[in-house]
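Chemist: Have a look at this one before I ask anything.
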Amino acid sequence: MSKNYIRNKKLKLFPDKKENVHQPPGTLIQRITGETAPETKIIVIEYDATSYNEVILDNIDDCTAFKHSKKIKWINVEGIHDTAIVKKIGEIFNIHALSLEDVISPDQRPKFESYDDYDMTFMKMLYEFDSKIYSEQLSIILKDNLVITFQELEGKDAFDPIRQRLKQENLKIRKFGADYLAYSLIDCIVDAYFIILEKIGERLEDLDEELIIKPTPETLQKLYYMKREMIALRKSIWPIRELISSIERSDSNLITKDTQLFFRDVYDHSLRVIETTESYRDLVAGMMDLYMSSMSNKMNEVMKVLTIISTIFIPVTFIAGVYGMNFKFMPELESPYGYAATWAVMLAIMISLLIYFRRKKWL
Amino acid sequence: MSKNYIRNKKLKLFPDKKENVHQPPGTLIQRITGETAPETKIIVIEYDATSYNEVILDNIDDCTAFKHSKKIKWINVEGIHDTAIVKKIGEIFNIHALSLEDVISPDQRPKFESYDDYDMTFMKMLYEFDSKIYSEQLSIILKDNLVITFQELEGKDAFDPIRQRLKQENLKIRKFGADYLAYSLIDCIVDAYFIILEKIGERLEDLDEELIIKPTPETLQKLYYMKREMIALRKSIWPIRELISSIERSDSNLITKDTQLFFRDVYDHSLRVIETTESYRDLVAGMMDLYMSSMSNKMNEVMKVLTIISTIFIPVTFIAGVYGMNFKFMPELESPYGYAATWAVMLAIMISLLIYFRRKKWL
Amino acid sequence: MSKNYIRNKKLKLFPDKKENVHQPPGTLIQRITGETAPETKIIVIEYDATSYNEVILDNIDDCTAFKHSKKIKWINVEGIHDTAIVKKIGEIFNIHALSLEDVISPDQRPKFESYDDYDMTFMKMLYEFDSKIYSEQLSIILKDNLVITFQELEGKDAFDPIRQRLKQENLKIRKFGADYLAYSLIDCIVDAYFIILEKIGERLEDLDEELIIKPTPETLQKLYYMKREMIALRKSIWPIRELISSIERSDSNLITKDTQLFFRDVYDHSLRVIETTESYRDLVAGMMDLYMSSMSNKMNEVMKVLTIISTIFIPVTFIAGVYGMNFKFMPELESPYGYAATWAVMLAIMISLLIYFRRKKWL
Amino acid sequence: MSKNYIRNKKLKLFPDKKENVHQPPGTLIQRITGETAPETKIIVIEYDATSYNEVILDNIDDCTAFKHSKKIKWINVEGIHDTAIVKKIGEIFNIHALSLEDVISPDQRPKFESYDDYDMTFMKMLYEFDSKIYSEQLSIILKDNLVITFQELEGKDAFDPIRQRLKQENLKIRKFGADYLAYSLIDCIVDAYFIILEKIGERLEDLDEELIIKPTPETLQKLYYMKREMIALRKSIWPIRELISSIERSDSNLITKDTQLFFRDVYDHSLRVIETTESYRDLVAGMMDLYMSSMSNKMNEVMKVLTIISTIFIPVTFIAGVYGMNFKFMPELESPYGYAATWAVMLAIMISLLIYFRRKKWL
Amino acid sequence: MSKNYIRNKKLKLFPDKKENVHQPPGTLIQRITGETAPETKIIVIEYDATSYNEVILDNIDDCTAFKHSKKIKWINVEGIHDTAIVKKIGEIFNIHALSLEDVISPDQRPKFESYDDYDMTFMKMLYEFDSKIYSEQLSIILKDNLVITFQELEGKDAFDPIRQRLKQENLKIRKFGADYLAYSLIDCIVDAYFIILEKIGERLEDLDEELIIKPTPETLQKLYYMKREMIALRKSIWPIRELISSIERSDSNLITKDTQLFFRDVYDHSLRVIETTESYRDLVAGMMDLYMSSMSNKMNEVMKVLTIISTIFIPVTFIAGVYGMNFKFMPELESPYGYAATWAVMLAIMISLLIYFRRKKWL
């Protein structure tokens, strides 16, 4: 997959061009054409308490084979650009056209929707790459004994630990139903938010230090980028609370009471994620203020130096100027004590000004 | 239609003069008189799953012909200045006087109202023209098998894709009822908001770059205009969420359960529109801060240059002044080393000051 | 009525002295004494679909005559200072002492209260006079077939259009009940808010222009006064939404279903009034920021001029000073090329500094 | 009572040391010991429609005498430091230990609590003394036919008007029950808030004037103190709305329907108090901004003067310096027109700079 | 316990690395390994109205002995790093795996959760050490007749007063159930927040004084740290209100009606804690503003001194420069009054400038 393509997924503040504006709702169009679009990869994991099976599908029609199995199935679709595949899956598993349209538009707002015989969850998977935050949409369809996940791109998910656990026979995940699998995936994504927040936390700590020790205009610019990133992050993270709370409150009979207990836990995590994001916002605002204040302090210091030096020398320079005049009749110039007296006056002025500044606490 | 007239529709922060203040409620008055007011154009589209018919009406009374047809009718009225026409339509289709009054006042707040046998929706259509954002009111009346739309001006809507779809026989829109048509229109308008936000997003990106590379007072003014535009935009966009949510929650029997599912989708879009607007507001605020800070940085730099130059030369200029005095008795002047010694002292002063500034990190 | 008295009614940010603090609740005291208090004027309009009658009462006891009439009565009391009159009306029409106390305290918060057999509404009538905004309290009592209004002052209301309409035989207002009259009055007051907002809007537009073209410290002061006025305005306008919404939601049997439909319309107007006020607040805040920034820009420009001139001339003045020294032994002075060389050096310094400033984009 | 003690009651932003932290809840400890603690004074007023009796109790046990009287009793305890007395009263009238603990902790948050057979209200009485705002806790216990009030200090309440009214035979207060007495006390306290707000309003008006006419750093400090005071005030006033609203909504059978009508009135007052406080906060914020802006304006003016004078004289001083040099070969010096020409050049420079400044609108 | 370890517990703004991200939910992992982790200490207190017994357990399995006792048991576990112990306790007392996972993750958000046969509360214990605020997680499990508390570290709790009370025979705590013990612990923790707020209050008062008397850049930095601390504090304190309110509202049958009354009291305390925190935030913001303003004032003063001195001497220095020129033909130089006249002119200039500055109120 071209690196160029990944870069396009950088956490965006500005929406993508909405090409499917004015398409009839429920129409699937292909968003990324030919050369850059990666291939779609479909992996099916089928398991129950005693068996485990993993297949990479070559042909989307092979999905049908799994349709009537009593085991729990996880169909993971990586790449949503081939709308034919998405449409086909929709047909096989009886998914509403509107849901499919949302699946292929990667600018979906995180949300949970309950349909007659399936539940849909849209979330943003966040990961850091090259110290930039990337965002990728994950759509989770939960049906009876079935979880279908659609990822925007191939191979970027954080689900390997779940796959490992699925392979082990005695773990809870093998004994519980498809709803527990869906919960595990959502939990996994929310946990990944903590990792992102940690990275941001580290960068904030660095900035904090920079700000105290040696603030430069670059510090300000970094703060501004930080703020922009936080605004974008917030758009992905805020709806999560509502999302999980509506899962909890939903009367969907796909989610058992037992699993709902686990969602209560994810709900707390999502609250913590949001609270941390808000703390960071407050912190960045505080840092901006501190930067402005220390700029102001610096300016004050610069001005003081200028003022002290100017104020001390300008009057005495004037006196020297006076006795540099070429008037014929200037009695002081003739006096043998004139020069010494002038020095005395000049020194007196300079010393009194120094005392004055010391009194004003400028020195 | 005169271009002058369009200009008047620019997204306004300040309300129009309310000429019909103190008119009895429910009285229709003509807002725009004679010469500038464009003609009203009425187009009726009548369709069902198998037939499609489009008529431009010359006479408003021809509307009556469609009243008892079982097909679905879309009566699109472009131009609301001829209140006689609006009143006539109201009479034919039995619309409440208050609703009609709202139709002809183009400063209506976006809202949804459910009456006994019809539902009314007021929205703002936004479009960009000559890099200014224009706003036009659209009123949608939904009755049994009937949609009436009132547009402020002729030929500015974004409904052509819907008209195209209506002409094709096999599409959903032909099979569904009038409520689906109403939904399609509303969806179309909300989608147009994304286009506006995109344009604003582009201008923000330009400003962002300008701000980092070379901020000028013009940048500030652009930011200020941006902010004003956002305040005005917000007034049009914020009520949309409430509007659509009240459509969803309404127990109107004009909207079928199926269509309500589609409205849930529009609701999510409206949330995204609002969140994006809010992000932009935050962003503009952040840009303002950055501008102020970089002004402050620049000032600091200017002050430093002034201070360094002044501080280095003022003391030595004073020394030169001293030996420019014309006192008779100045022993230093007689000394052959006086001149060299003076230079040495002056250079020593200048160098120590340079070292001092270097230590203060001003250089 | 003395103009001095009107001035006292200017929209206040600071509450009146509460003289009736520590009076037993429900006690009526006379707020304005003797010389400045205008007389109270009582006008009764009695009408039904077929008849119309208007009387100016000389004696408050004449009110009793209207008590048992089946026609709709509007008793308009202008001036609330003569508490004896207010008390008498209260007795005749059986109004609770607390309601009457509220009627005569002109600092009432806008509110709607439903009593056993009457409803009370308190609102602020706003009008502009001499480019200041004045506020006057209006209390509306709605009973069966009866509306009583108490105005603080004589002859300042905006109800003339209603009076005109009442005189015409075929209008809705003559056919509907007392609740429709109450609605018409409230609608009239809310409409007047739009006029006030328009005036403020115009002043804001003027300020906006002033701010862009030539901001002065007076602009700032005007902005500050604008802000103060908006804070005061907000206190009058904000409670209106709640007020009208509680009229709508009230189960008062004095207001018919038909009239409630009209109140929904007023509710939308009140929302628009509030949103416009909020937009203006945002706008004033934005203008303040712009003012501060343009001050900062100006300062920058001033500093640049100072720095450029000082920095260019201070070093060369020093050089001139050096060769103005009177040392006996100064070889340069003897050289025939000394003067020219000095000029060359000085010009070189000045030109390099100019180039440096050009590079820094200060020129 | 020592004045020193009163001073301690100044409206606090910082909480008292909580000495009874780690005491078992419900334990009464003596907060103020020996020498500074004033004596506790207990006054009992017993009345019904026809009789009135006022006793100052010497011994707390005498309270018991009133326990079974059918008249309405108001036991007013001034001074809460002698916990033995508070405890004794609690025992006689059967008050929960937690309530008593709250009574003697003067840092209670304003609140209303309904117990089985009594209601408790905690409020802050505010009064101004020596242009500082003081706060004192008042606890009101309402039982059947009984009101007990605990004041922190002797003789500082605002209840004299109520006492006066109680003495008069024909007033409502004598005919209504204990709940009306409780209402009267609460109304009295809320009315006192208006007096405080008025004083603050006056000080704000003074500051406002000072700010426009001659702002000094002292103005800023006063604004800051104002802000601090408002933060403290807010903590006392904000909970009042909730408090009174929970009285209104409470299903306590101690408060009759009639009296609840009066509480609706107090509720409106509390809303007005809160809105006024908020307006003042906004106003102080606006004043701070104005102060900062006028500082900035002043600085601009100072800088302009400096820049104009420096810029005009620095170049010409340089020219004078040049012709003060002592080079042997300086042809200009020999010319008879040299001096005049130099003056001409210098004047030309000065005049062009003045024109430049005039053009820039700096003059 | 190593002091280094304590330092790690400093109130954090940035989350710990979440090592157990990607662990299956409900898995217990050991967070702190080998050398730094302190030992876990388990103390069991068993009591009823007549007996009291305190045991330090060596072996976690000894817990089982207490399982079926009818007395009230308080099992206090200090140190949560040995997950084996936590797991064991969970097994013995039948605690859900998710609860145990929360117990050992010290970054839990304060929350209350009600399970089938036990209630869980997570809170932050705050204490000050070396003028830094430390935070430690406390988990409280309330079962029938049983309270289990898990503290992060040994020997840092504030529960000694409770232990003292438990030892005394006649106190309420001995007669009431386990729910009262749980309440006492929670009350104790909330009371400790007041102590922390008091310390912060003292530091704010110091800063306030520093700010008024002699603000330095260090003051600003202290304010900034204060702000950071407050942001972190807020994260610990805010959820407390919700927590206690959900205890109050919970229909857990483990908490008796009597004890719920006590929780109402804690609820008020938590409101006061939150309101105080918010006041402090406002105050710090106000202090920041004041600091910025006084910086601005100082700068103004510095600029004024510079401007006055420069402006007075620059013009007269120019005049002195003029008469220092060496032109052959300068008639003034020959005049016997030239020198005196020049002085007169120079003094006149200086005096007029002084008058000008006095008029401008700069002096």
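The chains in the structure tokens are called A, B, ... from first to last as shown; in each chain the residues are counted from 1, and the ligands are counted from 1 in the order shown.
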I'd like the contact shell of Ala192 of chain A - 8 Å cut-off, only C-alpha atoms, skipping same-chain residues fewer than 5 positions apart - returned as a PyMOL selection string.
Modeler: (chain A and resi 125-127+158) or (chain E and resi 21)
Chemist: Save out the residues we just selected, all heavy atoms, as a PDB file, in the first residue's frame.
Modeler:
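After the write, out-v8.pdb holds the following:
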ATOM      1  N   MET A 125     -10.824   4.729  14.471  1.00  0.00           N
ATOM      2  CA  MET A 125      -9.607   4.153  15.034  1.00  0.00           C
ATOM      3  C   MET A 125      -8.506   5.208  14.903  1.00  0.00           C
ATOM      4  O   MET A 125      -8.268   5.720  13.813  1.00  0.00           O
ATOM      5  CB  MET A 125      -9.188   2.904  14.270  1.00  0.00           C
ATOM      6  CG  MET A 125     -10.222   1.796  14.301  1.00  0.00           C
ATOM      7  SD  MET A 125      -9.532   0.205  13.803  1.00  0.00           S
ATOM      8  CE  MET A 125      -9.231   0.524  12.052  1.00  0.00           C
ATOM      9  N   LEU A 126      -7.842   5.533  15.987  1.00  0.00           N
ATOM     10  CA  LEU A 126      -6.760   6.524  15.927  1.00  0.00           C
ATOM     11  C   LEU A 126      -5.417   5.831  16.126  1.00  0.00           C
ATOM     12  O   LEU A 126      -5.282   4.956  16.968  1.00  0.00           O
ATOM     13  CB  LEU A 126      -6.945   7.577  17.031  1.00  0.00           C
ATOM     14  CG  LEU A 126      -8.230   8.392  17.007  1.00  0.00           C
ATOM     15  CD1 LEU A 126      -8.228   9.410  18.140  1.00  0.00           C
ATOM     16  CD2 LEU A 126      -8.401   9.108  15.685  1.00  0.00           C
ATOM     17  N   TYR A 127      -4.438   6.183  15.314  1.00  0.00           N
ATOM     18  CA  TYR A 127      -3.077   5.697  15.578  1.00  0.00           C
ATOM     19  C   TYR A 127      -2.082   6.780  15.205  1.00  0.00           C
ATOM     20  O   TYR A 127      -2.389   7.701  14.448  1.00  0.00           O
ATOM     21  CB  TYR A 127      -2.772   4.396  14.846  1.00  0.00           C
ATOM     22  CG  TYR A 127      -3.141   4.388  13.391  1.00  0.00           C
ATOM     23  CD1 TYR A 127      -2.220   4.772  12.420  1.00  0.00           C
ATOM     24  CD2 TYR A 127      -4.419   3.999  12.988  1.00  0.00           C
ATOM     25  CE1 TYR A 127      -2.563   4.767  11.080  1.00  0.00           C
ATOM     26  CE2 TYR A 127      -4.768   4.006  11.645  1.00  0.00           C
ATOM     27  CZ  TYR A 127      -3.837   4.378  10.705  1.00  0.00           C
ATOM     28  OH  TYR A 127      -4.169   4.382   9.386  1.00  0.00           O
ATOM     29  N   ALA A 158      -5.771  -2.522  15.467  1.00  0.00           N
ATOM     30  CA  ALA A 158      -5.090  -2.832  16.710  1.00  0.00           C
ATOM     31  C   ALA A 158      -5.690  -4.094  17.323  1.00  0.00           C
ATOM     32  O   ALA A 158      -5.674  -4.280  18.524  1.00  0.00           O
ATOM     33  CB  ALA A 158      -5.239  -1.642  17.657  1.00  0.00           C
TER      34      ALA A 158
ATOM     35  N   VAL E  21      -3.340  -2.270  28.436  1.00  0.00           N
ATOM     36  CA  VAL E  21      -4.039  -2.133  27.168  1.00  0.00           C
ATOM     37  C   VAL E  21      -3.813  -3.429  26.384  1.00  0.00           C
ATOM     38  O   VAL E  21      -2.734  -3.978  26.379  1.00  0.00           O
ATOM     39  CB  VAL E  21      -3.455  -0.909  26.422  1.00  0.00           C
ATOM     40  CG1 VAL E  21      -3.717  -0.975  24.944  1.00  0.00           C
ATOM     41  CG2 VAL E  21      -3.961   0.370  27.031  1.00  0.00           C
TER      42      VAL E  21
END
Chemist: Considering only helix (DSSP H, G or I) as DSSP defines it on the backbone, what residues of segment 64-273 of chain C qualify? List them as a ChimeraX atom specification.
Modeler: /C:64-67,83-93,97-104,160-167,172-175,178-213,217-249,257-273
Chemist: Taking into account only C-alpha atoms, which residue in the set A:Leu290, A:Asn76, A:Val273, A:Phe318 is nearest to chain D?
Modeler: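 Using only C-alpha atoms, chain D sits closest to A:Phe318.
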Chemist: Which residues of chain B sit at most 6 Å from chain A, using only C-alpha atoms? Give each one's shortest atom pair and distance in Å (one decimal place), in chain and ascending residue order, as CSV.
Modeler:
residue,atom,partner,partner_atom,distance
B:Pro161,CA,A:His22,CA,5.8
B:Gly201,CA,A:Phe14,CA,5.7
B:Asn300,CA,A:Met299,CA,5.8
B:Thr307,CA,A:Leu306,CA,5.1
B:Phe318,CA,A:Thr317,CA,4.8
B:Gly321,CA,A:Ala320,CA,5.3
B:Val322,CA,A:Ala320,CA,5.0
B:Gly324,CA,A:Gly324,CA,5.4
B:Met325,CA,A:Gly324,CA,3.9
B:Asn326,CA,A:Gly324,CA,5.4
B:Phe327,CA,A:Leu333,CA,4.4
B:Lys328,CA,A:Glu334,CA,5.6
B:Phe329,CA,A:Pro336,CA,5.6
Chemist: Next, write the just-selected residues to a file, as a compact mmCIF listing (two decimals), in the first residue's frame, keeping N, CA, C and O atoms as the atom set.
Modeler:
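Below you can see result33.txt, which holds the result:
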# COMPACT_ATOMS: atom_id res chain seq x y z
N PRO B 161 -30.51 17.41 -9.26
CA PRO B 161 -30.32 15.95 -9.18
C PRO B 161 -31.62 15.24 -8.81
O PRO B 161 -31.88 14.14 -9.31
N GLY B 201 -13.68 25.93 4.69
CA GLY B 201 -12.50 25.17 5.09
C GLY B 201 -11.30 25.54 4.23
O GLY B 201 -10.20 25.75 4.73
N ASN B 300 8.58 42.47 19.72
CA ASN B 300 9.74 42.13 20.53
C ASN B 300 11.02 42.22 19.74
O ASN B 300 12.03 42.75 20.20
N THR B 307 16.93 48.42 20.82
CA THR B 307 17.62 48.48 22.10
C THR B 307 19.10 48.18 21.95
O THR B 307 19.97 48.85 22.52
N PHE B 318 28.39 59.52 23.88
CA PHE B 318 28.62 60.43 24.99
C PHE B 318 30.10 60.71 25.19
O PHE B 318 30.54 61.86 25.33
N GLY B 321 31.35 62.93 22.66
CA GLY B 321 30.85 64.26 22.97
C GLY B 321 31.75 64.96 23.99
O GLY B 321 32.05 66.15 23.88
N VAL B 322 32.15 64.20 25.01
CA VAL B 322 32.99 64.78 26.06
C VAL B 322 34.26 65.36 25.48
O VAL B 322 34.65 66.50 25.78
N GLY B 324 34.73 66.31 22.59
CA GLY B 324 34.42 67.36 21.63
C GLY B 324 34.21 68.71 22.32
O GLY B 324 33.99 69.72 21.67
N MET B 325 34.26 68.70 23.65
CA MET B 325 34.07 69.97 24.38
C MET B 325 35.28 70.87 24.19
O MET B 325 36.39 70.41 23.96
N ASN B 326 35.02 72.16 24.32
CA ASN B 326 36.05 73.14 23.99
C ASN B 326 36.71 73.78 25.21
O ASN B 326 37.14 74.92 25.16
N PHE B 327 36.71 73.07 26.32
CA PHE B 327 37.35 73.66 27.50
C PHE B 327 38.82 73.92 27.24
O PHE B 327 39.50 73.15 26.56
N LYS B 328 39.25 75.01 27.83
CA LYS B 328 40.68 75.37 27.67
C LYS B 328 41.54 74.30 28.27
O LYS B 328 42.48 73.81 27.68
N PHE B 329 41.17 73.92 29.51
CA PHE B 329 42.02 73.01 30.25
C PHE B 329 41.44 71.59 30.22
O PHE B 329 40.57 71.25 31.00
Chemist: Write out as a VMD selection string each polymer residue whose atoms come within 6 Å of segment 78-95 of chain C, counting only C-alpha atoms; drop sequence neighbours fewer than 4 positions from it.
Modeler: chain C and resid 30 40 to 41 104 150 to 154
Chemist: Could you please take those selected residues and save N, CA, C and O atoms as a tab-separated table (two decimals), in the first residue's frame?
Modeler:
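What follows is the written file result.tsv:
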chain	number	residue	atom	x	y	z
C	30	GLN	N	-46.61	53.89	47.51
C	30	GLN	CA	-46.53	54.80	46.38
C	30	GLN	C	-45.07	55.08	46.08
C	30	GLN	O	-44.34	55.59	46.92
C	40	THR	N	-52.61	59.30	36.43
C	40	THR	CA	-52.96	58.00	35.88
C	40	THR	C	-54.13	58.17	34.93
C	40	THR	O	-55.07	58.89	35.23
C	41	LYS	N	-54.04	57.51	33.77
C	41	LYS	CA	-55.08	57.63	32.77
C	41	LYS	C	-55.66	56.24	32.52
C	41	LYS	O	-54.91	55.28	32.32
C	104	ILE	N	-47.01	47.17	40.57
C	104	ILE	CA	-46.50	48.52	40.86
C	104	ILE	C	-44.99	48.56	41.06
C	104	ILE	O	-44.41	49.63	41.23
C	150	PHE	N	-51.44	47.35	32.62
C	150	PHE	CA	-50.88	48.46	33.40
C	150	PHE	C	-49.58	48.89	32.75
C	150	PHE	O	-48.66	48.09	32.62
C	151	GLN	N	-49.50	50.14	32.34
C	151	GLN	CA	-48.26	50.67	31.79
C	151	GLN	C	-47.66	51.63	32.79
C	151	GLN	O	-48.37	52.32	33.50
C	152	GLU	N	-46.32	51.66	32.84
C	152	GLU	CA	-45.67	52.55	33.79
C	152	GLU	C	-45.99	54.01	33.51
C	152	GLU	O	-46.18	54.79	34.40
C	153	LEU	N	-45.99	54.35	32.21
C	153	LEU	CA	-46.12	55.75	31.84
C	153	LEU	C	-47.23	55.93	30.83
C	153	LEU	O	-47.61	55.01	30.13
C	154	GLU	N	-47.66	57.17	30.74
C	154	GLU	CA	-48.73	57.48	29.82
C	154	GLU	C	-48.19	57.60	28.40
C	154	GLU	O	-47.12	58.15	28.17
Chemist: May I have the residues within 8 Å of Asp208 of chain C as a PyMOL selection string, using only C-alpha atoms and disregarding those fewer than 4 positions away in the same chain?
Modeler: chain C and resi 204+212+287
Chemist: Write the residues you've just listed into a file as a CSV table (one decimal), in the first residue's frame, and include N, CA, C and O atoms for each of them.
Modeler:
chain,number,residue,atom,x,y,z
C,204,LEU,N,-24.2,49.1,15.1
C,204,LEU,CA,-23.1,48.1,15.0
C,204,LEU,C,-22.5,48.2,13.6
C,204,LEU,O,-21.2,48.1,13.5
C,212,ILE,N,-13.0,49.6,10.8
C,212,ILE,CA,-12.1,49.2,9.7
C,212,ILE,C,-11.4,50.4,9.2
C,212,ILE,O,-10.2,50.4,8.9
C,287,MET,N,-15.4,42.6,17.6
C,287,MET,CA,-15.0,44.0,17.3
C,287,MET,C,-14.0,44.4,18.3
C,287,MET,O,-13.0,45.1,18.0
Chemist: To test your reading of the structure, identify every residue in segment 98-308 of chain E that backbone DSSP assigns to strand (DSSP E or B), and report it as number ranges by chain.
Modeler: E: 111-114, 119-129, 132-143, 146-151
Chemist: Rounded to one decimal place, report the atom CA of Glu301 of chain E-atom CA of Glu301 of chain C distance in Å.
Modeler: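 Going from atom CA of Glu301 of chain E over to atom CA of Glu301 of chain C, I get 20.7 Å.
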Chemist: Pick out the residues sitting within 9 Å of Ile240 of chain E, and hand them over as a PyMOL selection string; count only C-alpha atoms, and ignore anything fewer than 5 positions along from it in its own chain.
Modeler: chain E and resi 110-111+123+190+245+267+270-271+274
Chemist: Just want the 9 Å neighbourhood of Phe66 of chain B, counted on only C-alpha atoms, with same-chain residues fewer than 6 positions away dropped. Output as a PyMOL selection string.
Modeler: chain B and resi 44+46+73
Chemist: Please save C-alpha atoms of the selected residues as an mmCIF file, in the first residue's frame.
Modeler:
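Once everything was written out, this is result_22.cif:
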data_model
loop_
_atom_site.group_PDB
_atom_site.id
_atom_site.type_symbol
_atom_site.label_atom_id
_atom_site.label_comp_id
_atom_site.auth_asym_id
_atom_site.auth_seq_id
_atom_site.Cartn_x
_atom_site.Cartn_y
_atom_site.Cartn_z
ATOM 1 C CA VAL B 44 -45.719 21.226 -11.044
ATOM 2 C CA GLU B 46 -46.773 14.941 -10.989
ATOM 3 C CA LYS B 73 -47.435 16.167 -6.796
#
